[in-house]
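run-v9.tsv, holding TSV, C-alpha atoms:
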```
chain	number	residue	atom	x	y	z
A	568	MET	CA	-13.53	20.65	-15.97
A	569	ALA	CA	-14.00	18.12	-13.15
A	570	ARG	CA	-11.92	14.93	-13.32
A	571	PRO	CA	-14.07	11.88	-14.20
A	572	ARG	CA	-14.60	9.72	-11.10
A	573	PHE	CA	-13.35	6.50	-12.66
A	574	LEU	CA	-10.35	7.98	-14.49
A	575	PRO	CA	-7.19	6.52	-12.93
A	576	ASP	CA	-5.17	8.87	-10.74
A	577	ASN	CA	-1.99	10.48	-12.13
A	578	MET	CA	0.30	8.00	-10.36
A	579	THR	CA	-1.52	5.05	-11.88
A	580	LEU	CA	-1.30	6.62	-15.34
A	581	MET	CA	2.45	7.13	-14.86
A	582	LEU	CA	2.84	3.52	-13.68
A	583	LEU	CA	1.00	2.32	-16.78
A	584	ALA	CA	3.29	4.45	-18.97
A	585	VAL	CA	6.37	3.03	-17.23
A	586	VAL	CA	5.17	-0.58	-17.66
A	587	LEU	CA	4.47	0.06	-21.35
A	588	THR	CA	7.90	1.64	-21.78
A	589	ALA	CA	9.56	-1.32	-20.07
A	590	SER	CA	7.56	-3.69	-22.27
A	591	PHE	CA	8.79	-2.12	-25.50
A	592	LEU	CA	12.08	-0.51	-24.42
A	593	PRO	CA	13.46	-2.53	-21.49
A	594	CYS	CA	16.79	-1.52	-20.02
A	595	THR	CA	19.50	-4.17	-20.26
A	596	GLY	CA	23.20	-4.68	-19.66
A	597	GLN	CA	25.21	-1.86	-18.12
A	598	VAL	CA	22.25	0.52	-18.24
A	599	ALA	CA	20.23	-1.91	-16.12
A	600	GLU	CA	23.12	-2.24	-13.65
A	601	ALA	CA	23.41	1.54	-13.36
A	602	PHE	CA	19.67	1.90	-12.85
A	603	ASP	CA	19.74	-0.84	-10.23
A	604	GLY	CA	22.33	1.06	-8.21
A	605	LEU	CA	20.31	4.25	-8.58
A	606	THR	CA	17.16	2.52	-7.31
A	607	THR	CA	19.01	1.44	-4.15
A	608	PHE	CA	19.91	5.06	-3.46
A	609	MET	CA	16.41	6.31	-4.26
A	610	ILE	CA	14.82	3.75	-1.94
A	611	GLY	CA	17.08	4.90	0.89
A	612	LEU	CA	16.09	8.51	0.17
A	613	LEU	CA	12.41	7.51	0.03
A	614	PHE	CA	12.49	5.96	3.52
A	615	PHE	CA	14.54	8.86	4.87
A	616	MET	CA	11.76	11.19	3.74
A	617	HIS	CA	9.15	8.85	5.24
A	618	GLY	CA	10.95	9.15	8.57
A	619	ALA	CA	11.19	12.92	8.30
A	620	LYS	CA	7.48	13.28	7.44
A	621	LEU	CA	6.05	10.95	10.12
A	622	SER	CA	4.93	12.92	13.16
A	623	ARG	CA	5.76	11.08	16.38
A	624	GLU	CA	3.31	13.33	18.22
A	625	ALA	CA	0.41	12.17	16.04
A	626	VAL	CA	1.30	8.52	16.59
A	627	VAL	CA	1.71	8.85	20.37
A	628	ALA	CA	-1.47	10.92	20.75
A	629	GLY	CA	-3.54	8.43	18.81
A	630	PHE	CA	-2.49	5.36	20.77
A	631	THR	CA	-5.02	6.18	23.49
A	632	HIS	CA	-7.62	4.55	21.21
A	633	TRP	CA	-5.74	1.26	21.44
A	634	LYS	CA	-8.69	-1.03	20.63
A	635	LEU	CA	-9.18	0.56	17.22
A	636	HIS	CA	-5.47	0.47	16.38
A	637	VAL	CA	-5.09	-3.16	17.39
A	638	THR	CA	-8.10	-4.00	15.19
A	639	VAL	CA	-6.56	-2.21	12.18
A	640	LEU	CA	-3.19	-3.90	12.68
A	641	LEU	CA	-4.81	-7.34	13.01
A	642	CYS	CA	-6.77	-6.73	9.80
A	643	THR	CA	-3.62	-5.61	7.98
A	644	PHE	CA	-1.06	-8.17	9.18
A	645	ALA	CA	-3.20	-11.16	10.28
A	646	LEU	CA	-6.62	-11.25	8.62
A	647	PHE	CA	-5.36	-10.26	5.17
A	648	PRO	CA	-2.59	-12.93	5.06
A	649	LEU	CA	-4.97	-15.59	6.40
A	650	ILE	CA	-7.43	-14.83	3.59
A	651	GLY	CA	-4.60	-15.09	1.05
A	652	LEU	CA	-3.56	-18.47	2.43
A	653	ALA	CA	-7.13	-19.78	2.65
A	654	LEU	CA	-7.81	-18.90	-1.00
A	655	LYS	CA	-4.67	-20.60	-2.32
A	656	PRO	CA	-6.37	-23.78	-3.67
A	657	VAL	CA	-8.87	-21.66	-5.62
A	658	LEU	CA	-6.43	-19.00	-6.81
A	659	LEU	CA	-3.94	-21.48	-8.25
A	660	GLN	CA	-6.66	-22.66	-10.63
A	661	PHE	CA	-6.53	-19.28	-12.38
A	662	ILE	CA	-3.02	-17.83	-11.90
A	663	THR	CA	0.55	-19.10	-11.81
A	664	PRO	CA	2.42	-19.86	-8.56
A	665	ASP	CA	4.61	-16.79	-9.15
A	666	LEU	CA	1.57	-14.50	-9.33
A	667	TYR	CA	0.18	-16.18	-6.21
A	668	LEU	CA	3.41	-15.23	-4.42
A	669	GLY	CA	2.73	-11.67	-5.52
A	670	LEU	CA	-0.75	-11.87	-3.99
A	671	LEU	CA	0.70	-13.21	-0.73
A	672	PHE	CA	3.17	-10.34	-0.73
A	673	LEU	CA	0.27	-7.94	-1.28
A	674	CYS	CA	-1.50	-9.45	1.73
A	675	VAL	CA	1.40	-8.75	4.12
A	676	LEU	CA	2.00	-5.12	3.10
A	677	PRO	CA	1.16	-2.23	5.48
A	678	SER	CA	-1.73	0.13	4.94
A	679	THR	CA	-1.51	3.34	2.94
A	680	VAL	CA	-1.11	6.65	4.78
A	681	GLN	CA	-2.22	9.62	2.69
A	682	SER	CA	-5.15	7.97	0.89
A	683	SER	CA	-6.42	6.20	4.03
A	684	ILE	CA	-6.54	9.52	5.86
A	685	ALA	CA	-8.05	11.34	2.86
A	686	PHE	CA	-10.84	8.78	2.39
A	687	THR	CA	-11.57	8.72	6.12
A	688	SER	CA	-11.88	12.50	6.04
A	689	VAL	CA	-14.24	12.48	3.03
A	690	ALA	CA	-16.35	9.80	4.71
A	691	ARG	CA	-16.47	11.84	7.96
A	692	GLY	CA	-14.72	9.19	10.00
A	693	ASN	CA	-12.31	9.47	12.94
A	694	VAL	CA	-9.47	11.33	11.20
A	695	PRO	CA	-7.05	11.58	14.21
A	696	ALA	CA	-7.37	7.82	14.71
A	697	ALA	CA	-6.82	7.26	10.98
A	698	ILE	CA	-3.61	9.31	11.10
A	699	CYS	CA	-2.34	7.20	13.97
A	700	ALA	CA	-3.51	3.85	12.59
A	701	ALA	CA	-2.08	4.41	9.10
A	702	SER	CA	1.20	5.80	10.46
A	703	ALA	CA	1.59	2.93	12.93
A	704	SER	CA	0.85	0.41	10.17
A	705	ASN	CA	3.60	1.85	7.96
A	706	LEU	CA	6.07	2.06	10.82
A	707	LEU	CA	5.43	-1.51	12.01
A	708	GLY	CA	5.32	-2.71	8.43
A	709	ILE	CA	9.08	-2.18	8.23
A	710	PHE	CA	9.35	-5.05	10.73
A	711	PHE	CA	6.19	-7.11	10.14
A	712	THR	CA	6.23	-7.29	6.34
A	713	PRO	CA	9.75	-8.80	6.03
A	714	LEU	CA	8.93	-11.18	8.89
A	715	LEU	CA	5.71	-12.33	7.23
A	716	VAL	CA	7.45	-12.58	3.86
A	717	GLY	CA	9.97	-14.91	5.48
A	718	VAL	CA	7.29	-17.01	7.16
A	719	LEU	CA	4.65	-17.11	4.41
A	720	VAL	CA	5.93	-16.00	1.03
A	721	VAL	CA	9.37	-17.62	1.07
A	722	ALA	CA	7.88	-20.77	2.61
A	723	HIS	CA	5.55	-21.08	-0.40
A	724	ASP	CA	8.33	-20.10	-2.80
A	725	GLY	CA	10.74	-22.85	-1.78
A	726	SER	CA	13.63	-20.94	-3.33
A	727	GLY	CA	15.89	-21.11	-0.32
A	728	HIS	CA	15.97	-17.32	-0.10
A	729	SER	CA	18.19	-16.18	2.78
A	730	SER	CA	16.08	-14.66	5.53
A	731	LEU	CA	19.24	-13.28	7.20
A	732	GLY	CA	20.21	-11.52	3.99
A	733	SER	CA	16.71	-10.02	3.73
A	734	ILE	CA	16.88	-8.79	7.32
A	735	LEU	CA	20.23	-7.12	6.72
A	736	LYS	CA	18.92	-5.47	3.56
A	737	ILE	CA	15.86	-4.22	5.42
A	738	VAL	CA	18.09	-2.78	8.15
A	739	TYR	CA	20.50	-0.81	5.98
A	740	GLN	CA	18.26	0.03	3.01
A	741	LEU	CA	14.97	0.79	4.82
A	742	LEU	CA	15.25	0.95	8.61
A	743	LEU	CA	18.43	3.00	8.97
A	744	PRO	CA	17.29	5.68	6.48
A	745	PHE	CA	13.89	5.80	8.23
A	746	VAL	CA	15.51	6.23	11.67
A	747	ALA	CA	17.84	8.88	10.23
A	748	GLY	CA	14.78	10.74	8.92
A	749	GLN	CA	13.13	10.59	12.34
A	750	ILE	CA	16.32	11.92	13.98
A	751	ALA	CA	16.53	14.71	11.40
A	752	ARG	CA	12.84	15.63	11.72
A	753	PRO	CA	13.34	18.28	14.47
A	754	PHE	CA	15.76	20.07	12.13
A	755	ILE	CA	14.10	19.60	8.72
A	756	GLY	CA	10.48	18.80	9.67
A	757	ARG	CA	9.16	22.31	9.00
A	758	TRP	CA	11.01	22.50	5.70
A	759	VAL	CA	9.53	19.12	4.70
A	760	GLU	CA	6.01	20.31	5.59
A	761	ARG	CA	6.44	23.50	3.56
A	762	ASN	CA	7.67	21.59	0.52
A	763	LYS	CA	5.37	18.57	0.55
A	764	SER	CA	3.90	19.51	-2.81
A	765	TRP	CA	7.13	18.90	-4.70
A	766	LEU	CA	8.80	16.41	-2.34
A	767	LYS	CA	6.10	13.92	-3.30
A	768	PHE	CA	7.95	13.62	-6.61
A	769	VAL	CA	10.83	11.98	-4.70
A	770	ASP	CA	8.39	9.27	-3.64
A	771	GLN	CA	6.87	8.94	-7.09
A	772	SER	CA	10.14	8.93	-9.00
A	773	SER	CA	11.56	6.26	-6.68
A	774	ILE	CA	8.57	4.01	-7.24
A	775	LEU	CA	8.52	4.59	-11.00
A	776	LEU	CA	12.24	3.86	-11.30
A	777	VAL	CA	11.98	0.59	-9.35
A	778	VAL	CA	8.97	-0.47	-11.42
A	779	TYR	CA	10.76	0.31	-14.70
A	780	VAL	CA	13.87	-1.67	-13.74
A	781	ALA	CA	11.81	-4.58	-12.35
A	782	PHE	CA	9.52	-4.85	-15.36
A	783	SER	CA	12.42	-4.44	-17.78
A	784	GLU	CA	14.07	-7.57	-16.41
A	785	ALA	CA	10.74	-9.38	-16.22
A	786	VAL	CA	9.98	-8.53	-19.86
A	787	VAL	CA	13.41	-9.73	-20.95
A	788	GLN	CA	12.66	-13.01	-19.15
A	789	GLY	CA	9.30	-13.37	-20.92
A	790	LEU	CA	6.80	-11.84	-18.49
A	791	TRP	CA	4.02	-11.26	-21.04
A	792	HIS	CA	4.40	-14.78	-22.41
A	793	GLN	CA	3.85	-16.14	-18.90
A	794	VAL	CA	0.90	-13.79	-18.18
A	795	PRO	CA	-1.56	-13.83	-21.11
A	796	ALA	CA	-4.50	-11.45	-21.29
A	797	THR	CA	-6.93	-13.99	-19.84
A	798	MET	CA	-4.75	-14.47	-16.75
A	799	LEU	CA	-4.42	-10.71	-16.36
A	800	VAL	CA	-8.23	-10.42	-16.34
A	801	ALA	CA	-8.40	-13.25	-13.79
A	802	LEU	CA	-5.89	-11.40	-11.62
A	803	LEU	CA	-8.03	-8.25	-11.77
A	804	VAL	CA	-11.10	-10.21	-10.68
A	805	ILE	CA	-9.15	-11.90	-7.87
A	806	ASN	CA	-7.94	-8.55	-6.59
A	807	ALA	CA	-11.49	-7.17	-6.66
A	808	VAL	CA	-12.84	-10.21	-4.78
A	809	LEU	CA	-10.02	-9.97	-2.22
A	810	LEU	CA	-10.83	-6.31	-1.60
A	811	ALA	CA	-14.56	-7.06	-1.33
A	812	ILE	CA	-13.94	-9.80	1.25
A	813	ILE	CA	-11.70	-7.66	3.46
A	814	MET	CA	-13.99	-4.63	3.25
A	815	ALA	CA	-17.02	-6.75	4.19
A	816	LEU	CA	-15.16	-8.31	7.12
A	817	THR	CA	-13.87	-4.96	8.41
A	818	THR	CA	-17.31	-3.38	8.08
A	819	PHE	CA	-19.33	-6.06	9.86
A	820	GLY	CA	-16.51	-6.97	12.24
A	821	SER	CA	-16.17	-3.38	13.50
A	822	ARG	CA	-19.93	-3.27	14.12
A	823	ARG	CA	-19.88	-6.54	16.05
A	824	LEU	CA	-17.01	-5.22	18.18
A	825	GLY	CA	-19.14	-2.22	19.15
A	826	PHE	CA	-17.32	0.59	17.34
A	827	ASN	CA	-19.31	3.70	16.44
A	828	LYS	CA	-19.77	4.81	12.82
A	829	GLU	CA	-16.73	7.14	12.80
A	830	ASP	CA	-14.44	4.38	14.08
A	831	GLU	CA	-16.00	1.87	11.69
A	832	ILE	CA	-15.11	4.14	8.78
A	833	THR	CA	-11.52	4.41	10.02
A	834	ILE	CA	-11.19	0.64	10.39
A	835	VAL	CA	-12.65	-0.01	6.93
A	836	PHE	CA	-10.35	2.42	5.11
A	837	CYS	CA	-7.17	1.78	7.11
A	838	GLY	CA	-7.65	-1.98	7.49
A	839	SER	CA	-8.50	-2.81	3.88
A	840	LYS	CA	-5.85	-0.86	1.97
A	841	LYS	CA	-2.33	-1.79	0.93
A	842	SER	CA	0.55	0.57	0.28
A	843	LEU	CA	2.10	0.64	-3.18
A	844	ALA	CA	4.62	3.22	-1.92
A	845	SER	CA	5.93	0.73	0.67
A	846	GLY	CA	5.41	-2.37	-1.45
A	847	VAL	CA	7.59	-1.37	-4.38
A	848	PRO	CA	10.81	-0.64	-2.43
A	849	MET	CA	10.23	-3.61	-0.10
A	850	ALA	CA	9.88	-5.94	-3.09
A	851	LYS	CA	13.16	-4.58	-4.44
A	852	VAL	CA	14.86	-5.47	-1.15
A	853	LEU	CA	13.14	-8.78	-0.37
A	854	PHE	CA	12.98	-10.55	-3.75
A	855	SER	CA	15.45	-11.48	-6.43
A	856	SER	CA	15.49	-9.09	-9.37
A	857	GLY	CA	14.01	-11.66	-11.73
A	858	ALA	CA	10.92	-12.17	-9.53
A	859	ILE	CA	10.04	-8.54	-8.79
A	860	GLY	CA	7.94	-8.00	-11.93
A	861	MET	CA	5.61	-10.90	-11.10
A	862	VAL	CA	5.47	-9.89	-7.44
A	863	LEU	CA	4.54	-6.26	-8.18
A	864	LEU	CA	1.87	-6.95	-10.79
A	865	PRO	CA	-0.86	-7.87	-8.23
A	866	VAL	CA	0.15	-4.93	-6.01
A	867	MET	CA	-0.17	-2.42	-8.85
A	868	LEU	CA	-3.57	-3.75	-9.93
A	869	PHE	CA	-4.87	-3.79	-6.34
A	870	HIS	CA	-3.67	-0.20	-5.90
A	871	GLN	CA	-5.95	1.10	-8.64
A	872	ILE	CA	-8.93	-1.05	-7.64
A	873	GLN	CA	-8.76	0.07	-4.01
A	874	LEU	CA	-8.61	3.74	-5.01
A	875	MET	CA	-11.69	3.50	-7.22
A	876	VAL	CA	-13.73	1.44	-4.76
A	877	CYS	CA	-12.76	3.51	-1.72
A	878	ALA	CA	-13.56	6.76	-3.55
A	879	VAL	CA	-17.12	5.54	-4.16
A	880	MET	CA	-17.51	4.21	-0.60
A	881	ALA	CA	-16.12	7.38	0.99
A	882	ALA	CA	-18.60	9.48	-1.01
A	883	ARG	CA	-21.47	7.25	0.10
A	884	TYR	CA	-20.41	7.36	3.75
A	885	GLY	CA	-20.15	11.14	3.54
A	886	ALA	CA	-23.50	11.48	1.78
A	887	ARG	CA	-25.10	9.30	4.46
A	888	GLU	CA	-23.85	11.68	7.15
A	889	GLU	CA	-25.26	14.63	5.23
A	890	GLN	CA	-28.64	12.91	4.97
A	891	VAL	CA	-28.70	12.22	8.71
A	892	ARG	CA	-27.84	15.83	9.50
A	893	ALA	CA	-30.50	17.11	7.09
A	894	ALA	CA	-33.10	14.84	8.72
A	895	VAL	CA	-32.12	16.05	12.21
A	896	ALA	CA	-32.28	19.68	11.05
A	897	THR	CA	-35.73	19.08	9.55
A	898	GLU	CA	-37.03	17.45	12.74
A	899	SER	CA	-35.57	20.25	14.86
A	900	GLY	CA	-37.19	22.85	12.65
A	901	GLY	CA	-40.57	21.17	12.98
A	902	ASP	CA	-40.59	21.18	16.83
```

Would you write the structure of this file as structure tokens?
Amino acid sequence: MARPRFLPDNMTLMLLAVVLTASFLPCTGQVAEAFDGLTTFMIGLLFFMHGAKLSREAVVAGFTHWKLHVTVLLCTFALFPLIGLALKPVLLQFITPDLYLGLLFLCVLPSTVQSSIAFTSVARGNVPAAICAASASNLLGIFFTPLLVGVLVVAHDGSGHSSLGSILKIVYQLLLPFVAGQIARPFIGRWVERNKSWLKFVDQSSILLVVYVAFSEAVVQGLWHQVPATMLVALLVINAVLLAIIMALTTFGSRRLGFNKEDEITIVFCGSKKSLASGVPMAKVLFSSGAIGMVLLPVMLFHQIQLMVCAVMAARYGAREEQVRAAVATESGGD
């Protein structure tokens, strides 16, 4: 039986189960300390695998279409944060300052890789460019996201968070494992490609473990007392509006810049999406343990909304191409 279109994906269902588990059975004390150490190791392994999976050839080959890639990067790391900052006076009427920090963090995250490429393919966009744009976004996100967190998020937090400490954590917990994965790619790249189907569980288990530990501490500190149901609904609406704004701007902006339909599709799907897989471990490194739950809540909600919306849009883009081809075939047959 076909999977219903609006049923959440398996990862989202697992995230929901983990959040519910943390809400009723949070880990505390020595168990929490042990899990915290395990998450540090798993995050290092996650970024090692990211490095081993990322094809340098695909990135280098795609950079010939520099105008498209610059547009995607500006949408991801400039336009998105500017929208988040511009909406601050309105957003703080509906959500707490801590949740607003989570939205700012969402705005500075890199794009997704697998889903951006998959949606671009379904929509019949420029898939090689999507591979390059999404890969470059994730690679540069290791540098840009912590920098933007330091400039924007911490500046609005006012907590005195040490930017030097964050940089050092990024280097040894994220960057060094990623570089090690890239160095090891010539030796293990083929093995990684052959075993992608089960290696994805390394990614998923790392994310789920970080989310469980983060939400456990947040629940112990009274997360659900600080975020009532009405505020959660408001956060869902805000995420939907944020996605609608960025998708409208990427769509009409790419047309004004003279991109063809295939490139427009690539810009829309790569420039409007945010990576949960990168966001969860980065939050673990960049924020104090007590703040991670609040920070990740907007990211997790946005993740599901973007998947549902992009699935519908990709199908419509693809159907439009089919209609054009059918019309051309009909006209050709009538000549």

Could you give me, as JSON, numbers by chain, the residues within 12 Å of A:Gln660, counting all atoms listed in the file and dropping anything in the same chain fewer than 6 positions from it? {"A": [654, 666, 667, 798, 801, 802, 805]}

Counting all atoms listed in the file, which of A:Phe644, A:Phe836, A:Phe608, A:Phe672 gets nearest to A:Pro865? A:Phe672

Hey, what's within 8 Å of stretch 767-771 of chain A if we count all atoms listed in the file and toss same-chain stuff fewer than 3 positions away? As a count of residues only, please? 9

In Å, with one decimal, what is the gap from atom CA of A:Arg757 to atom CA of A:Phe745? 17.2 Å

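When all atoms listed in the file are used to compute distances to A:Asp665, the closest of the residues A:Gly860, A:Pro848, A:Pro677, A:Pro744 turns out to be A:Gly860.
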
Which one is closest to A:Ala807: A:Ile709, A:Leu741, A:Gln871, A:Ser845? Count all atoms listed in the file. A:Gln871

Select, from A:Ala700, A:Leu668, A:Val675, A:Ala601, the residue with the minimum atom-to-atom distance to A:Lys655, counting all atoms listed in the file. A:Leu668

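In this comparison, which uses all atoms listed in the file, the residue of A:Pro795, A:Gly618, A:Gly885, A:Pro753 approaching A:Ser702 most closely is A:Gly618.
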
Top pick for closest residue to A:Phe614, considering A:Phe826, A:Phe661, A:Phe854, A:Tyr739 and counting only C-alpha atoms: A:Tyr739

Find the spatial neighbours of A:Gly748, counting only C-alpha atoms, within a cut-off of 9 Å - ignore same-chain residues fewer than 3 positions away - and output them as an MDAnalysis selection string. chainID A and resid 614:621 743:745 751:752 755

Export of prior selection with C-alpha atoms as a PDB file, keeping the file's coordinate frame:
```pdb
ATOM      1  CA  PHE A 614      12.490   5.960   3.520  1.00  0.00           C
ATOM      2  CA  PHE A 615      14.540   8.860   4.870  1.00  0.00           C
ATOM      3  CA  MET A 616      11.760  11.190   3.740  1.00  0.00           C
ATOM      4  CA  HIS A 617       9.150   8.850   5.240  1.00  0.00           C
ATOM      5  CA  GLY A 618      10.950   9.150   8.570  1.00  0.00           C
ATOM      6  CA  ALA A 619      11.190  12.920   8.300  1.00  0.00           C
ATOM      7  CA  LYS A 620       7.480  13.280   7.440  1.00  0.00           C
ATOM      8  CA  LEU A 621       6.050  10.950  10.120  1.00  0.00           C
ATOM      9  CA  LEU A 743      18.430   3.000   8.970  1.00  0.00           C
ATOM     10  CA  PRO A 744      17.290   5.680   6.480  1.00  0.00           C
ATOM     11  CA  PHE A 745      13.890   5.800   8.230  1.00  0.00           C
ATOM     12  CA  ALA A 751      16.530  14.710  11.400  1.00  0.00           C
ATOM     13  CA  ARG A 752      12.840  15.630  11.720  1.00  0.00           C
ATOM     14  CA  ILE A 755      14.100  19.600   8.720  1.00  0.00           C
TER      15      ILE A 755
END
```

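If you look at atom CA of A:Ser704 and atom CA of A:Gly838, they are 9.2 Å away from each other.
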
Measure the distance from atom CA of A:Val808 to atom CA of A:Lys841 in Å and round it to one decimal. 14.6 Å

Which polymer residues, protein or nucleic acid, are no farther than 8 Å from (15.9, -1.3, 0.8), counting only C-alpha atoms, as a compact mmCIF listing (two decimals) with C-alpha atoms, keeping the file's coordinate frame?
```
# COMPACT_ATOMS: atom_id res chain seq x y z
CA THR A 607 19.01 1.44 -4.15
CA ILE A 610 14.82 3.75 -1.94
CA GLY A 611 17.08 4.90 0.89
CA LYS A 736 18.92 -5.47 3.56
CA ILE A 737 15.86 -4.22 5.42
CA VAL A 738 18.09 -2.78 8.15
CA TYR A 739 20.50 -0.81 5.98
CA GLN A 740 18.26 0.03 3.01
CA LEU A 741 14.97 0.79 4.82
CA PRO A 848 10.81 -0.64 -2.43
CA MET A 849 10.23 -3.61 -0.10
CA LYS A 851 13.16 -4.58 -4.44
CA VAL A 852 14.86 -5.47 -1.15
```

Please list as a ChimeraX atom specification every residue within 9 Å of A:Lys828, counting all atoms listed in the file and excluding residues in the same chain fewer than 5 positions away. /A:692-693,821-822,833

Which residues are near A:Ala785? Cut-off 8 Å, all atoms listed in the file, ignore same chain within fewer than 2 positions. Put them as a compact mmCIF listing (two decimals) with C-alpha atoms, in the coordinates of the input.
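That gives us result-v8.txt:
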```txt
# COMPACT_ATOMS: atom_id res chain seq x y z
CA ALA A 781 11.81 -4.58 -12.35
CA PHE A 782 9.52 -4.85 -15.36
CA SER A 783 12.42 -4.44 -17.78
CA VAL A 787 13.41 -9.73 -20.95
CA GLN A 788 12.66 -13.01 -19.15
CA GLY A 789 9.30 -13.37 -20.92
CA LEU A 790 6.80 -11.84 -18.49
CA GLY A 857 14.01 -11.66 -11.73
CA ALA A 858 10.92 -12.17 -9.53
CA ILE A 859 10.04 -8.54 -8.79
CA GLY A 860 7.94 -8.00 -11.93
CA MET A 861 5.61 -10.90 -11.10
```
